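K.L.:
Below is one structure. I have some questions about it.
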Amino acid sequence: MTQRVSFSFGGAGRVYRVVEATAADAARVQHFFEAHPDYFVQCEGRAPEPAAGREFVVDRPPAEFSFRAHHNLVILSDAEEIEGVLAVSVDLLSAGVWHLGLLIVATRWHGGGLAQAAHEAYEAWARAGGARWLRLGVVEQNGRARRFWQRQGYTEIRRREGVAMGELRNTVLVMCKPVADAALDAYLAAVPRDRPDA
């Protein structure tokens with residue numbers, strides 16, 4: 001059984017705790033999504049579905065993708081309020097690839113440093129866990145998110161057109177950030193599906 005994740009970090013003038021979401025958290029995650037719907041409106045063209053919280057807690061990568069572990073995480077304030085969520089797949093598609101499937105922070109923290117602090121904590125955790133490359137996908141029309149990831153050191157490596165997300169079909173930019181002295185060429189050799197000509 002995969003060890004449960006728990007770590008802390010400082011950001012936006014506070015200390016936060018990151019822990020695994022459980023079935024008991026589904027209603028709280030749903031409330032968080034409904035209170036901060038920007039991601040869903042931007043990327044899916046609609047408000048969060050009534051089952052979004054429950055689906056987050058149990059979500060896993062597609063069946064055809066190999067992975068060693070998957071973690072659906074919540075970011076908790078010192079008052080135990082959910083201030084954000086992350087979904088992380090370890091060794092997705094190849095050893096050393098850590099995929100950040102989702103990072104949402106409370107709307108009031110947009111531009112306030114929480115997302116960056118959360119990502120820095122995630123990267124430190126991933127590096128300690130053997131990550132060689134950090135991978136994610138961002139919807140092209142979400143310019144704010146795209147610029148954020150570029151500032152964190154991610155590079156676009158492939159575009160996937162017509163990806164169905166809720167009521168929309170989006171262009172998703174696959175982005176990668178080599179860490180631990182790894183090279184982007186080695187990543188593309190390890191994950192052929194992400195080559196620009198794939």
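Chain identifiers are assigned as A, B, and so on, following the order in which chains appear in the structure tokens; residues are numbered from 1 within each chain, and ligands are numbered from 1 in order of appearance.
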Could you build a table of the residues in segment 86-145 of chain A lying no more than 9 Å from segment 164-173 of chain A, giving for each the nearest pair of atoms and their separation in Å rounded to one decimal place, using only C-alpha atoms, ordered by chain and ascending residue number, as a Markdown table?
P.N.:
| residue | atom | partner | partner_atom | distance |
| --- | --- | --- | --- | --- |
| A:Leu136 | CA | A:Leu173 | CA | 8.3 |
| A:Gly137 | CA | A:Leu173 | CA | 5.4 |
| A:Val138 | CA | A:Leu173 | CA | 5.2 |
| A:Val139 | CA | A:Val172 | CA | 4.5 |
| A:Glu140 | CA | A:Thr171 | CA | 5.6 |
| A:Gln141 | CA | A:Thr171 | CA | 7.8 |
K.L.:
For Ala183 of chain A, list every protein, DNA or RNA residue within 10 Å, evaluated using only C-alpha atoms, and leave out those in the same chain fewer than 6 positions away; present the list as a CSV table (one decimal) with all heavy atoms, in the first residue's frame.
P.N.:
chain,number,residue,atom,x,y,z
A,132,ARG,N,12.8,13.2,-12.1
A,132,ARG,CA,13.7,13.7,-13.1
A,132,ARG,C,13.1,14.7,-14.0
A,132,ARG,O,13.7,15.6,-14.5
A,132,ARG,CB,14.3,12.6,-14.0
A,132,ARG,CG,15.1,11.5,-13.1
A,132,ARG,CD,15.7,10.5,-14.0
A,132,ARG,NE,16.8,11.1,-14.8
A,132,ARG,CZ,17.2,10.7,-16.0
A,132,ARG,NH1,16.6,9.7,-16.6
A,132,ARG,NH2,18.1,11.3,-16.7
A,133,TRP,N,11.8,14.6,-14.2
A,133,TRP,CA,11.0,15.5,-15.0
A,133,TRP,C,9.7,15.8,-14.3
A,133,TRP,O,9.0,14.9,-13.8
A,133,TRP,CB,10.8,15.0,-16.4
A,133,TRP,CG,12.0,14.6,-17.1
A,133,TRP,CD1,12.9,15.4,-17.8
A,133,TRP,CD2,12.5,13.2,-17.3
A,133,TRP,NE1,13.9,14.7,-18.4
A,133,TRP,CE2,13.7,13.3,-18.1
A,133,TRP,CE3,12.1,12.0,-16.8
A,133,TRP,CZ2,14.5,12.2,-18.4
A,133,TRP,CZ3,12.9,10.9,-17.2
A,133,TRP,CH2,14.0,11.0,-17.9
A,177,LYS,N,9.3,20.2,-17.2
A,177,LYS,CA,10.4,20.9,-16.5
A,177,LYS,C,11.4,19.8,-16.1
A,177,LYS,O,11.2,19.1,-15.1
A,177,LYS,CB,9.9,21.7,-15.4
A,177,LYS,CG,11.0,22.4,-14.6
A,177,LYS,CD,10.5,23.1,-13.4
A,177,LYS,CE,11.6,23.8,-12.6
A,177,LYS,NZ,11.0,24.7,-11.5
K.L.:
Could you list, as a PDB file with C-alpha atoms, in the first residue's frame, every residue within 12 Å of Ala198 of chain A, counting only C-alpha atoms and ignoring same-chain residues fewer than 3 positions away?
P.N.:
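And here is the file that came out, selection_26.pdb:
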ATOM      1  CA  ILE A 157       6.746  20.230 -25.759  1.00  0.00           C
ATOM      2  CA  ARG A 158       3.545  19.200 -27.523  1.00  0.00           C
ATOM      3  CA  ARG A 159       0.024  20.414 -28.338  1.00  0.00           C
ATOM      4  CA  ARG A 160      -3.002  18.133 -28.185  1.00  0.00           C
ATOM      5  CA  LEU A 188      11.206  12.708 -25.103  1.00  0.00           C
ATOM      6  CA  ALA A 189      13.060   9.421 -25.598  1.00  0.00           C
ATOM      7  CA  VAL A 191       7.913   9.299 -23.286  1.00  0.00           C
ATOM      8  CA  PRO A 192       7.462   9.033 -27.075  1.00  0.00           C
ATOM      9  CA  ARG A 193       3.795  10.117 -26.921  1.00  0.00           C
ATOM     10  CA  ASP A 194       4.935  13.609 -25.921  1.00  0.00           C
ATOM     11  CA  ARG A 195       7.194  14.136 -28.917  1.00  0.00           C
TER      12      ARG A 195
END
K.L.:
Could you pull out all residues of segment 4-34 of chain A with a DSSP call of helix (DSSP H, G or I) and give them as a PyMOL selection string?
P.N.:
chain A and resi 23-34
K.L.:
Next, the residues of the selection above should be written as a CSV table (one decimal), in the first residue's frame with all heavy atoms.
P.N.:
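Dumped everything to again.csv:
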chain,number,residue,atom,x,y,z
A,23,ALA,N,-12.3,9.8,1.3
A,23,ALA,CA,-13.7,9.8,0.9
A,23,ALA,C,-14.4,10.8,1.9
A,23,ALA,O,-15.4,11.4,1.5
A,23,ALA,CB,-14.3,8.4,1.0
A,24,ALA,N,-14.0,10.9,3.1
A,24,ALA,CA,-14.6,11.8,4.1
A,24,ALA,C,-14.5,13.3,3.7
A,24,ALA,O,-15.2,14.1,4.2
A,24,ALA,CB,-14.1,11.5,5.5
A,25,ASP,N,-13.5,13.6,2.8
A,25,ASP,CA,-13.2,14.9,2.4
A,25,ASP,C,-14.1,15.4,1.2
A,25,ASP,O,-14.0,16.5,0.8
A,25,ASP,CB,-11.8,15.1,2.0
A,25,ASP,CG,-10.9,15.0,3.2
A,25,ASP,OD1,-11.2,15.5,4.3
A,25,ASP,OD2,-9.8,14.2,3.1
A,26,ALA,N,-14.8,14.4,0.5
A,26,ALA,CA,-15.4,14.7,-0.7
A,26,ALA,C,-16.4,15.9,-0.7
A,26,ALA,O,-16.4,16.8,-1.5
A,26,ALA,CB,-16.2,13.5,-1.2
A,27,ALA,N,-17.2,16.0,0.4
A,27,ALA,CA,-18.1,17.1,0.5
A,27,ALA,C,-17.4,18.5,0.7
A,27,ALA,O,-17.8,19.5,0.1
A,27,ALA,CB,-19.1,16.9,1.7
A,28,ARG,N,-16.3,18.5,1.5
A,28,ARG,CA,-15.5,19.7,1.7
A,28,ARG,C,-14.8,20.1,0.4
A,28,ARG,O,-14.7,21.3,0.1
A,28,ARG,CB,-14.4,19.5,2.8
A,28,ARG,CG,-15.0,19.2,4.1
A,28,ARG,CD,-13.9,18.9,5.2
A,28,ARG,NE,-13.2,20.1,5.4
A,28,ARG,CZ,-11.9,20.1,5.7
A,28,ARG,NH1,-11.2,19.0,5.7
A,28,ARG,NH2,-11.2,21.3,5.9
A,29,VAL,N,-14.3,19.1,-0.4
A,29,VAL,CA,-13.7,19.5,-1.7
A,29,VAL,C,-14.7,20.0,-2.6
A,29,VAL,O,-14.5,21.0,-3.4
A,29,VAL,CB,-13.0,18.2,-2.3
A,29,VAL,CG1,-12.5,18.5,-3.7
A,29,VAL,CG2,-11.8,17.8,-1.4
A,30,GLN,N,-15.9,19.4,-2.6
A,30,GLN,CA,-17.0,19.9,-3.4
A,30,GLN,C,-17.3,21.4,-3.1
A,30,GLN,O,-17.5,22.3,-4.0
A,30,GLN,CB,-18.3,19.1,-3.3
A,30,GLN,CG,-19.5,19.5,-4.1
A,30,GLN,CD,-19.2,19.3,-5.6
A,30,GLN,OE1,-18.5,18.3,-6.0
A,30,GLN,NE2,-19.8,20.1,-6.5
A,31,HIS,N,-17.4,21.7,-1.8
A,31,HIS,CA,-17.7,23.1,-1.4
A,31,HIS,C,-16.5,24.0,-1.9
A,31,HIS,O,-16.8,25.1,-2.3
A,31,HIS,CB,-17.8,23.1,0.2
A,31,HIS,CG,-17.9,24.5,0.7
A,31,HIS,ND1,-19.1,25.2,0.6
A,31,HIS,CD2,-17.0,25.3,1.3
A,31,HIS,CE1,-19.0,26.4,1.2
A,31,HIS,NE2,-17.7,26.5,1.6
A,32,PHE,N,-15.3,23.5,-1.8
A,32,PHE,CA,-14.2,24.3,-2.2
A,32,PHE,C,-14.3,24.6,-3.7
A,32,PHE,O,-14.1,25.8,-4.2
A,32,PHE,CB,-12.8,23.6,-2.0
A,32,PHE,CG,-11.6,24.3,-2.6
A,32,PHE,CD1,-11.1,25.4,-2.0
A,32,PHE,CD2,-11.1,23.8,-3.8
A,32,PHE,CE1,-10.0,26.0,-2.6
A,32,PHE,CE2,-10.1,24.4,-4.4
A,32,PHE,CZ,-9.5,25.5,-3.8
A,33,PHE,N,-14.6,23.6,-4.5
A,33,PHE,CA,-14.8,23.8,-6.0
A,33,PHE,C,-15.9,24.8,-6.3
A,33,PHE,O,-15.7,25.6,-7.1
A,33,PHE,CB,-15.1,22.4,-6.7
A,33,PHE,CG,-13.9,21.5,-6.8
A,33,PHE,CD1,-14.1,20.1,-7.0
A,33,PHE,CD2,-12.6,22.0,-6.7
A,33,PHE,CE1,-13.1,19.3,-7.1
A,33,PHE,CE2,-11.5,21.1,-6.9
A,33,PHE,CZ,-11.8,19.8,-7.1
A,34,GLU,N,-17.0,24.7,-5.6
A,34,GLU,CA,-18.2,25.6,-5.8
A,34,GLU,C,-17.9,27.0,-5.4
A,34,GLU,O,-18.3,27.9,-6.0
A,34,GLU,CB,-19.4,25.0,-5.2
A,34,GLU,CG,-19.9,23.7,-5.8
A,34,GLU,CD,-21.1,23.1,-5.0
A,34,GLU,OE1,-21.4,23.6,-3.9
A,34,GLU,OE2,-21.6,22.0,-5.5
K.L.:
Looking only at the backbone, which of the residues in segment 17-193 of chain A does DSSP tag as strand (DSSP E or B), as a PDB file with C-alpha atoms, in the first residue's frame?
P.N.:
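That gives us selection12.pdb:
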ATOM      1  CA  ARG A  17      -0.340  21.424   5.390  1.00  0.00           C
ATOM      2  CA  VAL A  18      -0.713  19.115   2.377  1.00  0.00           C
ATOM      3  CA  VAL A  19      -2.427  15.769   3.026  1.00  0.00           C
ATOM      4  CA  GLU A  20      -4.129  12.980   1.111  1.00  0.00           C
ATOM      5  CA  ALA A  69       1.465   5.965  -7.326  1.00  0.00           C
ATOM      6  CA  HIS A  70      -1.229   8.615  -7.502  1.00  0.00           C
ATOM      7  CA  HIS A  71      -2.068  11.207  -4.850  1.00  0.00           C
ATOM      8  CA  ASN A  72      -5.128  13.462  -4.609  1.00  0.00           C
ATOM      9  CA  LEU A  73      -4.128  16.105  -2.093  1.00  0.00           C
ATOM     10  CA  VAL A  74      -5.714  18.999  -0.252  1.00  0.00           C
ATOM     11  CA  ILE A  75      -3.923  22.116   0.978  1.00  0.00           C
ATOM     12  CA  LEU A  76      -5.108  22.982   4.488  1.00  0.00           C
ATOM     13  CA  ILE A  82      -9.182  23.713   2.296  1.00  0.00           C
ATOM     14  CA  GLU A  83      -7.256  26.428   0.445  1.00  0.00           C
ATOM     15  CA  GLY A  84      -6.291  24.355  -2.590  1.00  0.00           C
ATOM     16  CA  VAL A  85      -6.015  20.933  -4.203  1.00  0.00           C
ATOM     17  CA  LEU A  86      -3.342  19.026  -6.118  1.00  0.00           C
ATOM     18  CA  ALA A  87      -3.400  15.778  -8.082  1.00  0.00           C
ATOM     19  CA  VAL A  88      -0.023  14.101  -8.617  1.00  0.00           C
ATOM     20  CA  SER A  89       0.925  10.937 -10.503  1.00  0.00           C
ATOM     21  CA  VAL A  90       4.337   9.403  -9.807  1.00  0.00           C
ATOM     22  CA  VAL A  97       8.142  11.462 -14.541  1.00  0.00           C
ATOM     23  CA  TRP A  98       5.974  13.240 -11.958  1.00  0.00           C
ATOM     24  CA  HIS A  99       2.755  14.557 -13.475  1.00  0.00           C
ATOM     25  CA  LEU A 100       0.834  17.425 -11.880  1.00  0.00           C
ATOM     26  CA  GLY A 101      -2.694  16.764 -13.062  1.00  0.00           C
ATOM     27  CA  LEU A 102      -4.306  19.627 -11.170  1.00  0.00           C
ATOM     28  CA  LEU A 103      -3.372  22.585  -8.993  1.00  0.00           C
ATOM     29  CA  ILE A 104      -6.143  24.922  -7.873  1.00  0.00           C
ATOM     30  CA  VAL A 105      -5.849  27.475  -5.081  1.00  0.00           C
ATOM     31  CA  TRP A 133      11.016  15.517 -15.002  1.00  0.00           C
ATOM     32  CA  LEU A 134       7.906  17.423 -13.907  1.00  0.00           C
ATOM     33  CA  ARG A 135       5.069  17.188 -16.427  1.00  0.00           C
ATOM     34  CA  LEU A 136       1.682  18.870 -16.720  1.00  0.00           C
ATOM     35  CA  GLY A 137      -0.943  19.959 -19.224  1.00  0.00           C
ATOM     36  CA  VAL A 138      -2.460  23.435 -19.446  1.00  0.00           C
ATOM     37  CA  VAL A 139      -5.394  24.607 -21.552  1.00  0.00           C
ATOM     38  CA  THR A 155       8.501  24.406 -21.493  1.00  0.00           C
ATOM     39  CA  GLU A 156       5.822  23.475 -24.015  1.00  0.00           C
ATOM     40  CA  ILE A 157       6.746  20.230 -25.759  1.00  0.00           C
ATOM     41  CA  ARG A 158       3.545  19.200 -27.523  1.00  0.00           C
ATOM     42  CA  ARG A 159       0.024  20.414 -28.338  1.00  0.00           C
ATOM     43  CA  ARG A 160      -3.002  18.133 -28.185  1.00  0.00           C
ATOM     44  CA  GLU A 161      -5.938  19.480 -30.176  1.00  0.00           C
ATOM     45  CA  GLY A 162      -9.627  18.845 -29.544  1.00  0.00           C
ATOM     46  CA  VAL A 163      -9.352  17.457 -26.001  1.00  0.00           C
ATOM     47  CA  ALA A 164     -12.861  17.043 -24.564  1.00  0.00           C
ATOM     48  CA  MET A 165     -13.212  18.729 -21.168  1.00  0.00           C
ATOM     49  CA  LEU A 168     -15.555  22.325 -24.332  1.00  0.00           C
ATOM     50  CA  ARG A 169     -12.951  20.945 -26.704  1.00  0.00           C
ATOM     51  CA  ASN A 170      -9.620  22.466 -25.803  1.00  0.00           C
ATOM     52  CA  THR A 171      -6.088  22.640 -27.071  1.00  0.00           C
ATOM     53  CA  VAL A 172      -3.932  21.306 -24.235  1.00  0.00           C
ATOM     54  CA  LEU A 173      -0.266  22.259 -24.062  1.00  0.00           C
ATOM     55  CA  VAL A 174       1.878  19.465 -22.631  1.00  0.00           C
ATOM     56  CA  MET A 175       4.683  21.082 -20.636  1.00  0.00           C
ATOM     57  CA  CYS A 176       7.789  19.654 -19.006  1.00  0.00           C
ATOM     58  CA  LYS A 177      10.433  20.857 -16.546  1.00  0.00           C
ATOM     59  CA  PRO A 178      13.613  18.771 -16.255  1.00  0.00           C
TER      60      PRO A 178
END
K.L.:
Would you please work out which residue, of A:Gly13, A:Gly153, A:Gly96, A:Gly143, is nearest to Glu120 of chain A when using only C-alpha atoms?
P.N.:
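Nearest candidate to Glu120 of chain A out of A:Gly13, A:Gly153, A:Gly96, A:Gly143: A:Gly153.
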K.L.:
Under the rule that only C-alpha atoms are counted, which of A:Ala95, A:Asp78, A:Ala63, A:Asn142 is the nearest residue to Tyr187 of chain A?
P.N.:
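Answer, going by the shortest atom-to-atom distance: A:Ala95.
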K.L.:
Determine, counting only C-alpha atoms, which protein, DNA and RNA residues have an atom within 9 Å of an atom of Val15 of chain A; residues of the same chain fewer than 4 positions away are not included. Present the result as a PyMOL selection string.
P.N.:
chain A and resi 8-11+76-78
K.L.:
Write the selection just made, keeping all heavy atoms, as a PDB file, in the first residue's frame?
P.N.:
ATOM      1  N   SER A   8       4.381  20.082   4.867  1.00  0.00           N
ATOM      2  CA  SER A   8       3.964  21.459   5.140  1.00  0.00           C
ATOM      3  C   SER A   8       4.823  22.432   4.346  1.00  0.00           C
ATOM      4  O   SER A   8       5.927  22.103   3.918  1.00  0.00           O
ATOM      5  CB  SER A   8       4.086  21.780   6.633  1.00  0.00           C
ATOM      6  OG  SER A   8       3.262  20.942   7.410  1.00  0.00           O
ATOM      7  N   PHE A   9       4.306  23.636   4.162  1.00  0.00           N
ATOM      8  CA  PHE A   9       5.078  24.695   3.510  1.00  0.00           C
ATOM      9  C   PHE A   9       4.518  26.043   3.938  1.00  0.00           C
ATOM     10  O   PHE A   9       3.384  26.155   4.384  1.00  0.00           O
ATOM     11  CB  PHE A   9       5.037  24.552   1.980  1.00  0.00           C
ATOM     12  CG  PHE A   9       3.687  24.826   1.355  1.00  0.00           C
ATOM     13  CD1 PHE A   9       3.359  26.101   0.894  1.00  0.00           C
ATOM     14  CD2 PHE A   9       2.740  23.819   1.231  1.00  0.00           C
ATOM     15  CE1 PHE A   9       2.129  26.367   0.323  1.00  0.00           C
ATOM     16  CE2 PHE A   9       1.492  24.070   0.659  1.00  0.00           C
ATOM     17  CZ  PHE A   9       1.196  25.345   0.206  1.00  0.00           C
ATOM     18  N   GLY A  10       5.339  27.082   3.771  1.00  0.00           N
ATOM     19  CA  GLY A  10       4.901  28.435   4.061  1.00  0.00           C
ATOM     20  C   GLY A  10       4.597  29.171   2.774  1.00  0.00           C
ATOM     21  O   GLY A  10       5.277  28.986   1.755  1.00  0.00           O
ATOM     22  N   GLY A  11       3.571  30.002   2.805  1.00  0.00           N
ATOM     23  CA  GLY A  11       3.210  30.786   1.630  1.00  0.00           C
ATOM     24  C   GLY A  11       2.136  31.791   1.962  1.00  0.00           C
ATOM     25  O   GLY A  11       1.288  31.541   2.822  1.00  0.00           O
ATOM     26  N   LEU A  76      -4.335  22.541   3.326  1.00  0.00           N
ATOM     27  CA  LEU A  76      -5.108  22.982   4.488  1.00  0.00           C
ATOM     28  C   LEU A  76      -4.442  24.156   5.180  1.00  0.00           C
ATOM     29  O   LEU A  76      -3.217  24.179   5.356  1.00  0.00           O
ATOM     30  CB  LEU A  76      -5.256  21.835   5.493  1.00  0.00           C
ATOM     31  CG  LEU A  76      -5.960  20.570   4.996  1.00  0.00           C
ATOM     32  CD1 LEU A  76      -5.903  19.484   6.077  1.00  0.00           C
ATOM     33  CD2 LEU A  76      -7.396  20.860   4.606  1.00  0.00           C
ATOM     34  N   SER A  77      -5.246  25.128   5.587  1.00  0.00           N
ATOM     35  CA  SER A  77      -4.754  26.248   6.389  1.00  0.00           C
ATOM     36  C   SER A  77      -4.577  25.782   7.827  1.00  0.00           C
ATOM     37  O   SER A  77      -4.956  24.657   8.192  1.00  0.00           O
ATOM     38  CB  SER A  77      -5.751  27.401   6.347  1.00  0.00           C
ATOM     39  OG  SER A  77      -6.933  27.042   7.055  1.00  0.00           O
ATOM     40  N   ASP A  78      -4.028  26.666   8.670  1.00  0.00           N
ATOM     41  CA  ASP A  78      -3.878  26.302  10.079  1.00  0.00           C
ATOM     42  C   ASP A  78      -5.231  26.147  10.766  1.00  0.00           C
ATOM     43  O   ASP A  78      -5.324  25.565  11.838  1.00  0.00           O
ATOM     44  CB  ASP A  78      -2.987  27.304  10.818  1.00  0.00           C
ATOM     45  CG  ASP A  78      -3.458  28.746  10.654  1.00  0.00           C
ATOM     46  OD1 ASP A  78      -4.543  28.968  10.064  1.00  0.00           O
ATOM     47  OD2 ASP A  78      -2.749  29.662  11.104  1.00  0.00           O
TER      48      ASP A  78
END
K.L.:
Restricting the calculation to only C-alpha atoms: of A:Pro196, A:Leu93, A:Ala186, A:Arg14, which residue gets closest to Ala79 of chain A?
P.N.:
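Closest to Ala79 of chain A, using only C-alpha atoms: A:Arg14.
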K.L.:
Please compute the atom CA of Gly53 of chain A-atom CA of Ala21 of chain A distance, one decimal, in Å.
P.N.:
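Separation of atom CA of Gly53 of chain A and atom CA of Ala21 of chain A: 10.1 Å.
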K.L.:
Find the spatial neighbours of segment 123-125 of chain A, counting only C-alpha atoms, within a cut-off of 9 Å - ignore same-chain residues fewer than 4 positions away - and output them as a PyMOL selection string.
P.N.:
chain A and resi 7+118-119+129-131+134+179
K.L.:
Residues as selected, C-alpha atoms, written as an mmCIF file, in the first residue's frame, can you do that?
P.N.:
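Just written: selection_30.cif:
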data_model
loop_
_atom_site.group_PDB
_atom_site.id
_atom_site.type_symbol
_atom_site.label_atom_id
_atom_site.label_comp_id
_atom_site.auth_asym_id
_atom_site.auth_seq_id
_atom_site.Cartn_x
_atom_site.Cartn_y
_atom_site.Cartn_z
ATOM 1 C CA PHE A 7 4.067 17.776 4.246
ATOM 2 C CA ALA A 118 2.576 25.200 -3.271
ATOM 3 C CA HIS A 119 4.412 24.388 -6.491
ATOM 4 C CA GLY A 129 11.102 11.212 -4.369
ATOM 5 C CA GLY A 130 13.355 10.732 -7.386
ATOM 6 C CA ALA A 131 11.687 12.954 -9.987
ATOM 7 C CA LEU A 134 7.906 17.423 -13.907
ATOM 8 C CA VAL A 179 15.015 18.546 -12.714
#
K.L.:
Interatomic distance between atom CA of Ala115 of chain A and atom CA of Trp149 of chain A?
P.N.:
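Value for the atom CA of Ala115 of chain A-atom CA of Trp149 of chain A distance: 10.3 Å.
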